$ cat entry-v7.tsv   # TSV, C-alpha atoms
chain	number	residue	atom	x	y	z
A	1	MET	CA	-66.48	25.31	-15.56
A	2	ILE	CA	-66.78	28.70	-13.87
A	3	PRO	CA	-68.71	31.00	-16.22
A	4	PHE	CA	-67.03	34.10	-17.62
A	5	ILE	CA	-68.96	37.32	-18.18
A	6	SER	CA	-67.40	39.32	-21.01
A	7	LYS	CA	-66.78	43.06	-21.24
A	8	GLU	CA	-69.77	43.43	-23.56
A	9	LYS	CA	-72.10	41.66	-21.11
A	10	VAL	CA	-70.75	43.67	-18.17
A	11	ARG	CA	-71.37	46.87	-20.15
A	12	LEU	CA	-74.93	45.77	-20.92
A	13	ALA	CA	-75.67	45.10	-17.24
A	14	LEU	CA	-74.22	48.33	-15.84
A	15	GLN	CA	-76.42	51.27	-16.75
A	16	TYR	CA	-75.59	54.45	-14.86
A	17	PRO	CA	-79.00	55.26	-13.34
A	18	GLU	CA	-79.21	51.84	-11.68
A	19	LEU	CA	-75.50	51.77	-10.77
A	20	LEU	CA	-75.71	55.19	-9.12
A	21	ARG	CA	-78.67	54.06	-7.01
A	22	ALA	CA	-76.95	50.80	-6.05
A	23	LEU	CA	-73.70	52.56	-5.06
A	24	ARG	CA	-75.56	55.04	-2.89
A	25	GLU	CA	-77.18	52.13	-1.04
A	26	ALA	CA	-73.94	50.13	-0.82
A	27	PHE	CA	-72.07	53.02	0.83
A	28	GLN	CA	-74.62	52.86	3.64
A	29	GLN	CA	-74.15	49.13	4.28
A	30	GLU	CA	-71.66	47.16	6.33
A	31	ILE	CA	-69.41	45.75	3.62
A	32	VAL	CA	-65.98	44.52	4.74
A	33	THR	CA	-63.28	46.18	2.64
A	34	PRO	CA	-59.71	45.45	3.79
A	35	ARG	CA	-57.00	47.78	2.59
A	36	ARG	CA	-55.97	46.77	-0.90
A	37	HIS	CA	-52.62	45.19	-1.66
A	38	ALA	CA	-50.39	47.20	-4.01
A	39	HIS	CA	-47.16	45.75	-5.43
A	40	GLN	CA	-44.53	46.97	-7.88
A	41	LEU	CA	-44.11	44.34	-10.59
A	42	SER	CA	-40.83	45.38	-12.19
A	43	ASP	CA	-37.80	47.57	-11.61
A	44	GLN	CA	-37.51	48.22	-15.35
A	45	VAL	CA	-41.01	49.67	-15.86
A	46	ASN	CA	-43.56	51.33	-13.62
A	47	SER	CA	-46.10	48.47	-13.55
A	48	SER	CA	-48.24	47.72	-10.50
A	49	LEU	CA	-50.43	44.86	-9.24
A	50	LEU	CA	-53.46	45.65	-7.09
A	51	LEU	CA	-55.58	43.10	-5.20
A	52	MET	CA	-58.91	44.38	-3.92
A	53	PRO	CA	-61.18	42.13	-1.79
A	54	ALA	CA	-64.59	42.93	-0.32
A	55	TRP	CA	-67.38	40.85	1.18
A	56	ASN	CA	-70.77	40.74	2.79
A	57	PRO	CA	-70.67	37.84	5.29
A	58	SER	CA	-74.22	36.81	4.37
A	59	GLY	CA	-74.00	37.63	0.68
A	60	HIS	CA	-71.18	37.67	-1.83
A	61	THR	CA	-67.40	37.99	-1.72
A	62	GLY	CA	-65.42	39.53	-4.53
A	63	VAL	CA	-61.75	40.02	-5.41
A	64	LYS	CA	-60.51	42.21	-8.22
A	65	LEU	CA	-57.04	41.68	-9.64
A	66	VAL	CA	-55.68	44.74	-11.44
A	67	THR	CA	-52.48	45.54	-13.31
A	68	VAL	CA	-51.56	49.15	-14.08
A	69	ALA	CA	-48.89	49.81	-16.72
A	70	PRO	CA	-48.60	53.56	-17.51
A	71	GLN	CA	-45.88	52.88	-20.09
A	72	ASN	CA	-48.31	51.01	-22.40
A	73	LYS	CA	-48.60	52.68	-25.79
A	74	ASP	CA	-50.93	50.62	-27.98
A	75	MET	CA	-53.01	48.91	-25.31
A	76	PRO	CA	-54.93	49.97	-22.20
A	77	THR	CA	-53.03	51.13	-19.14
A	78	VAL	CA	-55.27	49.07	-16.86
A	79	HIS	CA	-56.15	45.37	-17.11
A	80	ALA	CA	-58.38	43.66	-14.58
A	81	ILE	CA	-60.43	40.58	-13.79
A	82	PHE	CA	-63.05	40.12	-11.07
A	83	ILE	CA	-63.93	36.89	-9.21
A	84	LEU	CA	-67.27	36.56	-7.40
A	85	PHE	CA	-67.87	33.97	-4.65
A	86	ASP	CA	-70.75	32.96	-2.41
A	87	SER	CA	-69.70	34.07	1.09
A	88	ILE	CA	-71.52	31.22	2.88
A	89	THR	CA	-70.31	28.24	0.84
A	90	GLY	CA	-67.15	29.75	-0.62
A	91	THR	CA	-68.28	28.61	-4.07
A	92	PRO	CA	-66.82	30.60	-6.98
A	93	LEU	CA	-69.79	31.90	-8.95
A	94	THR	CA	-68.25	33.66	-11.93
A	95	LEU	CA	-65.30	35.45	-13.46
A	96	MET	CA	-66.01	38.73	-15.20
A	97	ASP	CA	-64.15	41.44	-17.07
A	98	GLY	CA	-62.72	43.70	-14.39
A	99	GLU	CA	-61.67	46.56	-16.66
A	100	GLU	CA	-65.26	47.39	-17.58
A	101	ILE	CA	-66.32	47.10	-13.93
A	102	THR	CA	-63.48	49.44	-12.92
A	103	GLN	CA	-64.35	52.05	-15.51
A	104	LYS	CA	-68.08	52.02	-14.81
A	105	ARG	CA	-67.88	52.00	-11.00
A	106	THR	CA	-65.11	54.63	-10.92
A	107	ALA	CA	-67.12	56.96	-13.12
A	108	ALA	CA	-70.32	56.28	-11.19
A	109	ALA	CA	-68.67	56.98	-7.82
A	110	SER	CA	-67.41	60.33	-9.09
A	111	ALA	CA	-70.82	61.22	-10.50
A	112	LEU	CA	-72.46	60.16	-7.23
A	113	ALA	CA	-70.13	62.46	-5.30
A	114	SER	CA	-70.73	65.27	-7.78
A	115	GLY	CA	-74.42	65.10	-6.97
A	116	PHE	CA	-73.53	66.30	-3.46
A	117	LEU	CA	-70.54	68.51	-4.26
A	118	SER	CA	-70.93	70.30	-7.60
A	119	ARG	CA	-73.29	73.22	-8.12
A	120	LYS	CA	-76.72	72.07	-9.25
A	121	ASP	CA	-76.51	74.26	-12.35
A	122	SER	CA	-73.11	72.89	-13.46
A	123	SER	CA	-73.18	72.64	-17.25
A	124	HIS	CA	-69.54	72.68	-18.48
A	125	LEU	CA	-67.46	69.57	-17.82
A	126	LEU	CA	-63.70	69.48	-18.45
A	127	LEU	CA	-61.97	66.12	-18.87
A	128	ILE	CA	-58.24	66.20	-18.12
A	129	GLY	CA	-56.80	62.96	-19.44
A	130	ASN	CA	-57.84	61.11	-22.58
A	131	GLY	CA	-57.37	57.44	-21.69
A	132	SER	CA	-59.98	54.69	-21.78
A	133	LEU	CA	-61.59	55.87	-18.52
A	134	ALA	CA	-62.20	59.47	-19.66
A	135	PRO	CA	-65.32	58.97	-21.84
A	136	HIS	CA	-66.95	56.92	-19.07
A	137	MET	CA	-66.29	59.74	-16.60
A	138	ALA	CA	-68.01	62.20	-18.93
A	139	LEU	CA	-71.06	60.04	-19.51
A	140	ALA	CA	-71.54	59.34	-15.81
A	141	HIS	CA	-71.40	63.05	-14.92
A	142	CYS	CA	-74.10	63.69	-17.52
A	143	HIS	CA	-76.44	61.55	-15.41
A	144	THR	CA	-75.94	63.81	-12.37
A	145	ARG	CA	-75.79	67.38	-13.67
A	146	PRO	CA	-77.26	69.25	-16.69
A	147	ILE	CA	-74.07	69.07	-18.76
A	148	ASN	CA	-74.31	70.75	-22.16
A	149	LYS	CA	-70.60	71.20	-22.96
A	150	ILE	CA	-67.67	68.79	-22.57
A	151	SER	CA	-64.06	69.85	-23.16
A	152	ILE	CA	-61.28	67.26	-23.43
A	153	TRP	CA	-57.65	68.10	-22.73
A	154	GLY	CA	-54.68	65.77	-22.88
A	155	ARG	CA	-51.03	65.82	-23.84
A	156	SER	CA	-51.87	64.12	-27.14
A	157	ALA	CA	-54.41	65.89	-29.34
A	158	GLU	CA	-54.77	62.67	-31.35
A	159	LYS	CA	-55.76	60.69	-28.24
A	160	SER	CA	-58.14	63.47	-27.20
A	161	GLU	CA	-59.84	63.26	-30.58
A	162	HIS	CA	-60.13	59.49	-30.16
A	163	CYS	CA	-61.68	60.06	-26.73
A	164	LEU	CA	-64.18	62.46	-28.30
A	165	GLN	CA	-65.17	59.93	-30.95
A	166	THR	CA	-65.55	57.18	-28.33
A	167	LEU	CA	-67.80	59.43	-26.29
A	168	LEU	CA	-69.92	60.21	-29.36
A	169	SER	CA	-70.35	56.47	-29.96
A	170	PHE	CA	-72.13	55.94	-26.63
A	171	PRO	CA	-75.83	55.42	-27.42
A	172	ASP	CA	-76.99	56.99	-24.15
A	173	LEU	CA	-75.02	60.25	-24.54
A	174	PRO	CA	-77.54	63.13	-24.64
A	175	GLU	CA	-77.73	64.54	-28.17
A	176	HIS	CA	-77.65	68.20	-27.16
A	177	ILE	CA	-74.12	68.11	-25.68
A	178	ASN	CA	-71.35	70.02	-27.46
A	179	ILE	CA	-67.97	68.23	-27.27
A	180	GLU	CA	-64.62	69.82	-28.10
A	181	VAL	CA	-60.90	69.09	-27.84
A	182	SER	CA	-59.20	71.84	-25.84
A	183	SER	CA	-55.70	73.10	-26.60
A	184	ASP	CA	-55.69	75.68	-23.77
A	185	LEU	CA	-55.86	74.00	-20.37
A	186	ALA	CA	-55.79	77.22	-18.34
A	187	LYS	CA	-58.68	78.74	-20.31
A	188	SER	CA	-60.76	75.57	-20.03
A	189	CYS	CA	-60.14	75.33	-16.28
A	190	LYS	CA	-61.29	78.92	-15.80
A	191	SER	CA	-64.61	78.28	-17.55
A	192	ALA	CA	-65.44	74.76	-16.37
A	193	ASP	CA	-67.99	74.04	-13.63
A	194	ILE	CA	-66.73	70.48	-13.06
A	195	ILE	CA	-63.18	69.32	-13.75
A	196	THR	CA	-62.48	65.61	-13.71
A	197	CYS	CA	-58.85	64.45	-13.81
A	198	ALA	CA	-58.06	60.87	-14.79
A	199	THR	CA	-54.31	60.74	-15.36
A	200	THR	CA	-51.20	58.91	-14.21
A	201	SER	CA	-49.29	62.15	-13.70
A	202	ARG	CA	-46.56	62.49	-11.10
A	203	GLU	CA	-46.54	66.29	-11.31
A	204	ALA	CA	-49.39	68.74	-10.76
A	205	ILE	CA	-51.29	69.53	-13.96
A	206	VAL	CA	-53.98	71.88	-12.64
A	207	LYS	CA	-52.94	75.16	-11.03
A	208	GLY	CA	-54.89	76.87	-8.27
A	209	GLU	CA	-54.71	80.24	-10.03
A	210	TRP	CA	-56.88	78.85	-12.85
A	211	ILE	CA	-59.76	77.67	-10.66
A	212	GLN	CA	-62.76	79.91	-10.13
A	213	ALA	CA	-65.08	80.05	-7.13
A	214	GLY	CA	-67.80	77.41	-7.27
A	215	THR	CA	-65.79	74.86	-9.24
A	216	HIS	CA	-65.91	71.17	-8.34
A	217	LEU	CA	-62.79	69.05	-8.98
A	218	ASP	CA	-62.99	65.29	-9.32
A	219	LEU	CA	-59.52	63.76	-8.90
A	220	VAL	CA	-59.41	60.15	-10.06
A	221	GLY	CA	-55.71	59.67	-10.82
A	222	GLY	CA	-52.99	60.01	-8.21
A	223	PHE	CA	-53.75	56.65	-6.62
A	224	LYS	CA	-50.19	56.32	-5.27
A	225	PRO	CA	-48.30	58.61	-2.84
A	226	ASP	CA	-45.86	59.84	-5.50
A	227	MET	CA	-48.58	60.89	-7.97
A	228	ARG	CA	-50.15	64.36	-8.30
A	229	GLU	CA	-52.82	66.05	-10.43
A	230	VAL	CA	-53.31	69.47	-8.75
A	231	ASP	CA	-50.92	71.94	-7.11
A	232	ASP	CA	-50.48	73.08	-3.51
A	233	GLU	CA	-52.22	76.42	-4.11
A	234	LEU	CA	-55.38	74.66	-5.21
A	235	MET	CA	-55.47	72.18	-2.32
A	236	ALA	CA	-54.93	75.03	0.13
A	237	LYS	CA	-58.21	76.73	-0.82
A	238	THR	CA	-60.55	73.77	-1.21
A	239	VAL	CA	-62.95	71.76	0.89
A	240	VAL	CA	-61.92	68.12	0.41
A	241	PHE	CA	-64.07	64.99	0.31
A	242	VAL	CA	-62.78	61.46	-0.27
A	243	ASP	CA	-64.20	58.11	-1.30
A	244	THR	CA	-62.81	56.52	1.88
A	245	PHE	CA	-60.65	58.01	4.60
A	246	ALA	CA	-58.65	54.78	4.85
A	247	GLY	CA	-57.68	54.75	1.20
A	248	ALA	CA	-57.15	58.45	0.61
A	249	LEU	CA	-55.09	59.04	3.74
A	250	SER	CA	-52.75	56.17	2.93
A	251	GLU	CA	-52.46	56.27	-0.86
A	252	ALA	CA	-53.58	59.55	-2.47
A	253	GLY	CA	-50.58	61.65	-3.49
A	254	ASP	CA	-52.58	64.88	-3.83
A	255	ILE	CA	-53.58	64.55	-0.18
A	256	LEU	CA	-50.48	62.97	1.36
A	257	GLN	CA	-48.01	65.39	-0.23
A	258	THR	CA	-50.02	68.49	0.68
A	259	LEU	CA	-50.65	67.31	4.24
A	260	GLN	CA	-46.91	66.77	4.60
A	261	ASN	CA	-45.91	70.20	3.26
A	262	GLY	CA	-48.69	71.97	5.16
A	263	SER	CA	-50.64	73.41	2.24
A	264	LEU	CA	-53.61	71.18	3.13
A	265	LYS	CA	-54.90	71.10	6.70
A	266	LYS	CA	-56.34	67.81	7.90
A	267	GLU	CA	-59.51	69.56	9.08
A	268	ALA	CA	-60.17	70.57	5.45
A	269	ILE	CA	-60.85	66.87	4.68
A	270	VAL	CA	-64.41	66.93	5.95
A	271	ALA	CA	-66.17	63.72	4.89
A	272	GLU	CA	-66.05	60.48	2.95
A	273	LEU	CA	-68.59	59.26	0.42
A	274	ALA	CA	-70.43	57.13	2.98
A	275	ASP	CA	-71.08	60.29	5.02
A	276	LEU	CA	-72.62	61.98	1.99
A	277	CYS	CA	-74.76	58.97	1.05
A	278	SER	CA	-76.08	58.56	4.60
A	279	GLY	CA	-76.82	62.26	5.08
A	280	LYS	CA	-74.23	62.62	7.82
A	281	HIS	CA	-72.70	65.43	5.75
A	282	THR	CA	-74.75	67.46	3.25
A	283	GLY	CA	-71.87	68.25	0.87
A	284	ARG	CA	-71.42	71.65	-0.77
A	285	GLN	CA	-72.30	74.50	1.58
A	286	SER	CA	-72.38	77.42	-0.89
A	287	ASP	CA	-72.11	78.27	-4.57
A	288	GLU	CA	-68.74	79.91	-3.92
A	289	GLU	CA	-66.96	76.91	-2.40
A	290	ILE	CA	-64.27	75.10	-4.37
A	291	THR	CA	-64.79	71.41	-3.68
A	292	VAL	CA	-62.51	68.46	-4.33
A	293	PHE	CA	-63.51	64.80	-4.43
A	294	LYS	CA	-60.44	62.57	-4.22
A	295	SER	CA	-60.97	58.93	-5.04
A	296	VAL	CA	-58.46	56.11	-5.02
A	297	GLY	CA	-61.05	53.38	-5.47
A	298	THR	CA	-62.60	50.98	-3.02
A	299	ALA	CA	-63.49	47.31	-3.41
A	300	LEU	CA	-66.99	48.09	-2.13
A	301	GLU	CA	-67.69	49.74	-5.48
A	302	ASP	CA	-66.42	46.70	-7.39
A	303	LEU	CA	-68.56	44.30	-5.37
A	304	CYS	CA	-71.62	46.50	-5.83
A	305	ALA	CA	-71.13	46.62	-9.61
A	306	ALA	CA	-70.34	42.90	-9.84
A	307	ASN	CA	-73.52	42.05	-7.97
A	308	LEU	CA	-75.56	44.02	-10.50
A	309	VAL	CA	-73.83	42.15	-13.32
A	310	TRP	CA	-74.38	38.77	-11.66
A	311	HIS	CA	-78.04	39.45	-11.01
A	312	PHE	CA	-78.57	40.68	-14.57
A	313	HIS	CA	-77.04	37.58	-16.14
A	314	SER	CA	-78.12	34.92	-13.63
A	315	ARG	CA	-81.38	33.46	-12.45
A	316	GLU	CA	-81.14	34.85	-8.94
A	317	ARG	CA	-84.51	36.37	-8.07
A	318	THR	CA	-83.12	38.70	-5.40
A	319	PRO	CA	-79.69	40.32	-5.90
A	320	LYS	CA	-77.28	39.86	-3.03
A	321	ILE	CA	-74.85	42.52	-1.87

$ encode --input "entry-v7.tsv" --output "structure tokens"
Amino acid sequence: MIPFISKEKVRLALQYPELLRALREAFQQEIVTPRRHAHQLSDQVNSSLLLMPAWNPSGHTGVKLVTVAPQNKDMPTVHAIFILFDSITGTPLTLMDGEEITQKRTAAASALASGFLSRKDSSHLLLIGNGSLAPHMALAHCHTRPINKISIWGRSAEKSEHCLQTLLSFPDLPEHINIEVSSDLAKSCKSADIITCATTSREAIVKGEWIQAGTHLDLVGGFKPDMREVDDELMAKTVVFVDTFAGALSEAGDILQTLQNGSLKKEAIVAELADLCSGKHTGRQSDEEITVFKSVGTALEDLCAANLVWHFHSRERTPKI
């Protein structure tokens, strides 16, 4: 029987300080990450299937299988499972909950990027979106910057309140942080130092006129070409960083649509996360810059997180990448 590592055990193994360090190292290594497969599952509903492989030829191979169903009402939008193999023998080592891996590694990648791109004194974080990923995004950012206020905005005040309560339930959330549900998105955008968007929107939610100099925007939704989270005016005045050039330039709606209509110039997309982690690019250049980090997700992050989980719950003395 191939062992299964549950969501609870994945959560126990993935603590943000260690995950942030591991991701920074992984983005400097030669991990093979083919472009992910994306398929529409049904003509009746907007459900998608994603297949995301990655491997180290001398270490481990992993494949994450993900379904995304934005129409879900009383269950998560995203479901996922991860399979880990030994790259040399091809032996399947374990199955593990992929949803928890996705949430933790997505949040950690954004927080890692924020460490290069947000102002060092950033203290007010705005969450746009109130799904299951949102509280993880908030907690991860608290490990990178001195956050003392978190605002949550979403189309449903009830879901935003649930997000707030979930965030409060995290044992490692710093006690001094003030958390509120926002009913005024424009006002919150104008006062926030870091704005993280985790939505499935197909129309721009954030307007450029609301964004002040020095703000850092973390765009996590918009993982398909027809999806958007911010408007043309905003993209036209930002310096853009991406998790990977390959993914963002082929899948990210906020980038593809603005490149096509001319509001974003290609030269404004200056670096990917590997460049930041290796020191090839230093990130934010001034306190006045408006920076954007656009992520669509990469299987490298999944493999990195899965290796931490495997090492934590196995008898391997030295974790493989």

$ closest_atom_pairs --input "entry-v7.tsv" --of "stretch 50-168 of chain A" --to "stretch 25-33 of chain A" --cutoff "6 Å" --atoms "only C-alpha atoms" --output "JSON lines"
{"residue": "A:Ala54", "atom": "CA", "partner": "A:Thr33", "partner_atom": "CA", "distance": 4.6}
{"residue": "A:Trp55", "atom": "CA", "partner": "A:Val32", "partner_atom": "CA", "distance": 5.3}
{"residue": "A:Asn56", "atom": "CA", "partner": "A:Ile31", "partner_atom": "CA", "distance": 5.3}

$ residues_near_point --input "entry-v7.tsv" --point "(-73.5, 69.7, -27.7)" --cutoff "12 Å" --atoms "all atoms listed in the file" --output "JSON, numbers by chain"
{"A": [123, 124, 125, 142, 146, 147, 148, 149, 150, 151, 164, 167, 168, 173, 174, 175, 176, 177, 178, 179, 180]}

$ residues_around --input "entry-v7.tsv" --residues "stretch 290-297 of chain A" --least-positions-apart "6" --cutoff "8 Å" --atoms "all atoms listed in the file" --output "VMD selection string"
chain A and resid 106 110 113 to 114 117 to 118 212 to 223 237 to 244 247 to 248 251 to 252 284

$ closest_residue --input "entry-v7.tsv" --among "A:Ile128, A:Ala236, A:Val181, A:Val68" --to "A:Ile194" --atoms "only C-alpha atoms"
A:Ile128

$ closest_residue --input "entry-v7.tsv" --among "A:Glu158, A:Asp254, A:Asp226, A:Asp184" --to "A:Cys197" --atoms "all atoms listed in the file"
A:Asp254

$ atom_distance --input "entry-v7.tsv" --atom1 "atom CA of A:Arg11" --atom2 "atom CA of A:Asp97"
9.5 Å

$ atom_distance --input "entry-v7.tsv" --atom1 "atom CA of A:Glu272" --atom2 "atom CA of A:Leu185"
28.8 Å

$ closest_residue --input "entry-v7.tsv" --among "A:Leu19, A:Ala140, A:Ile5, A:Leu259" --to "A:Phe82" --atoms "only C-alpha atoms"
A:Ile5

$ atom_distance --input "entry-v7.tsv" --atom1 "atom CA of A:Ala22" --atom2 "atom CA of A:Ala305"
8.0 Å

$ residues_around --input "entry-v7.tsv" --residues "A:Leu234" --least-positions-apart "6" --cutoff "10 Å" --atoms "all atoms listed in the file" --output "PDB file with C-alpha atoms, keeping the file's coordinate frame"
ATOM      1  CA  VAL A 206     -53.980  71.880 -12.640  1.00  0.00           C
ATOM      2  CA  LYS A 207     -52.940  75.160 -11.030  1.00  0.00           C
ATOM      3  CA  GLY A 208     -54.890  76.870  -8.270  1.00  0.00           C
ATOM      4  CA  GLU A 209     -54.710  80.240 -10.030  1.00  0.00           C
ATOM      5  CA  TRP A 210     -56.880  78.850 -12.850  1.00  0.00           C
ATOM      6  CA  ILE A 211     -59.760  77.670 -10.660  1.00  0.00           C
ATOM      7  CA  SER A 263     -50.640  73.410   2.240  1.00  0.00           C
ATOM      8  CA  LEU A 264     -53.610  71.180   3.130  1.00  0.00           C
ATOM      9  CA  ILE A 290     -64.270  75.100  -4.370  1.00  0.00           C
ATOM     10  CA  VAL A 292     -62.510  68.460  -4.330  1.00  0.00           C
TER      11      VAL A 292
END

$ closest_residue --input "entry-v7.tsv" --among "A:Leu95, A:Leu126, A:Leu50, A:Leu65" --to "A:Lys190" --atoms "only C-alpha atoms"
A:Leu126

$ axis_aligned_box --input "entry-v7.tsv" --around "stretch 276-287 of chain A" --padding-each-side "8 Å" --output "JSON"
{"center_x": -74.1, "center_y": 68.4, "center_z": 1.6, "size_x": 21.4, "size_y": 35.7, "size_z": 28.4}

$ residues_around --input "entry-v7.tsv" --residues "A:Gly129" --least-positions-apart "5" --cutoff "10 Å" --atoms "only C-alpha atoms" --output "PDB file with C-alpha atoms, in the coordinates of the input"
ATOM      1  CA  ALA A 134     -62.200  59.470 -19.660  1.00  0.00           C
ATOM      2  CA  PRO A 135     -65.320  58.970 -21.840  1.00  0.00           C
ATOM      3  CA  ILE A 152     -61.280  67.260 -23.430  1.00  0.00           C
ATOM      4  CA  TRP A 153     -57.650  68.100 -22.730  1.00  0.00           C
ATOM      5  CA  GLY A 154     -54.680  65.770 -22.880  1.00  0.00           C
ATOM      6  CA  ARG A 155     -51.030  65.820 -23.840  1.00  0.00           C
ATOM      7  CA  SER A 156     -51.870  64.120 -27.140  1.00  0.00           C
ATOM      8  CA  LYS A 159     -55.760  60.690 -28.240  1.00  0.00           C
ATOM      9  CA  SER A 160     -58.140  63.470 -27.200  1.00  0.00           C
ATOM     10  CA  CYS A 163     -61.680  60.060 -26.730  1.00  0.00           C
ATOM     11  CA  THR A 196     -62.480  65.610 -13.710  1.00  0.00           C
ATOM     12  CA  CYS A 197     -58.850  64.450 -13.810  1.00  0.00           C
ATOM     13  CA  ALA A 198     -58.060  60.870 -14.790  1.00  0.00           C
ATOM     14  CA  THR A 199     -54.310  60.740 -15.360  1.00  0.00           C
ATOM     15  CA  THR A 200     -51.200  58.910 -14.210  1.00  0.00           C
ATOM     16  CA  SER A 201     -49.290  62.150 -13.700  1.00  0.00           C
ATOM     17  CA  GLY A 221     -55.710  59.670 -10.820  1.00  0.00           C
TER      18      GLY A 221
END

$ residues_around --input "entry-v7.tsv" --residues "A:Ile81" --least-positions-apart "3" --cutoff "7 Å" --atoms "all atoms listed in the file" --output "JSON, numbers by chain"
{"A": [64, 65, 66, 96, 97, 98, 99]}
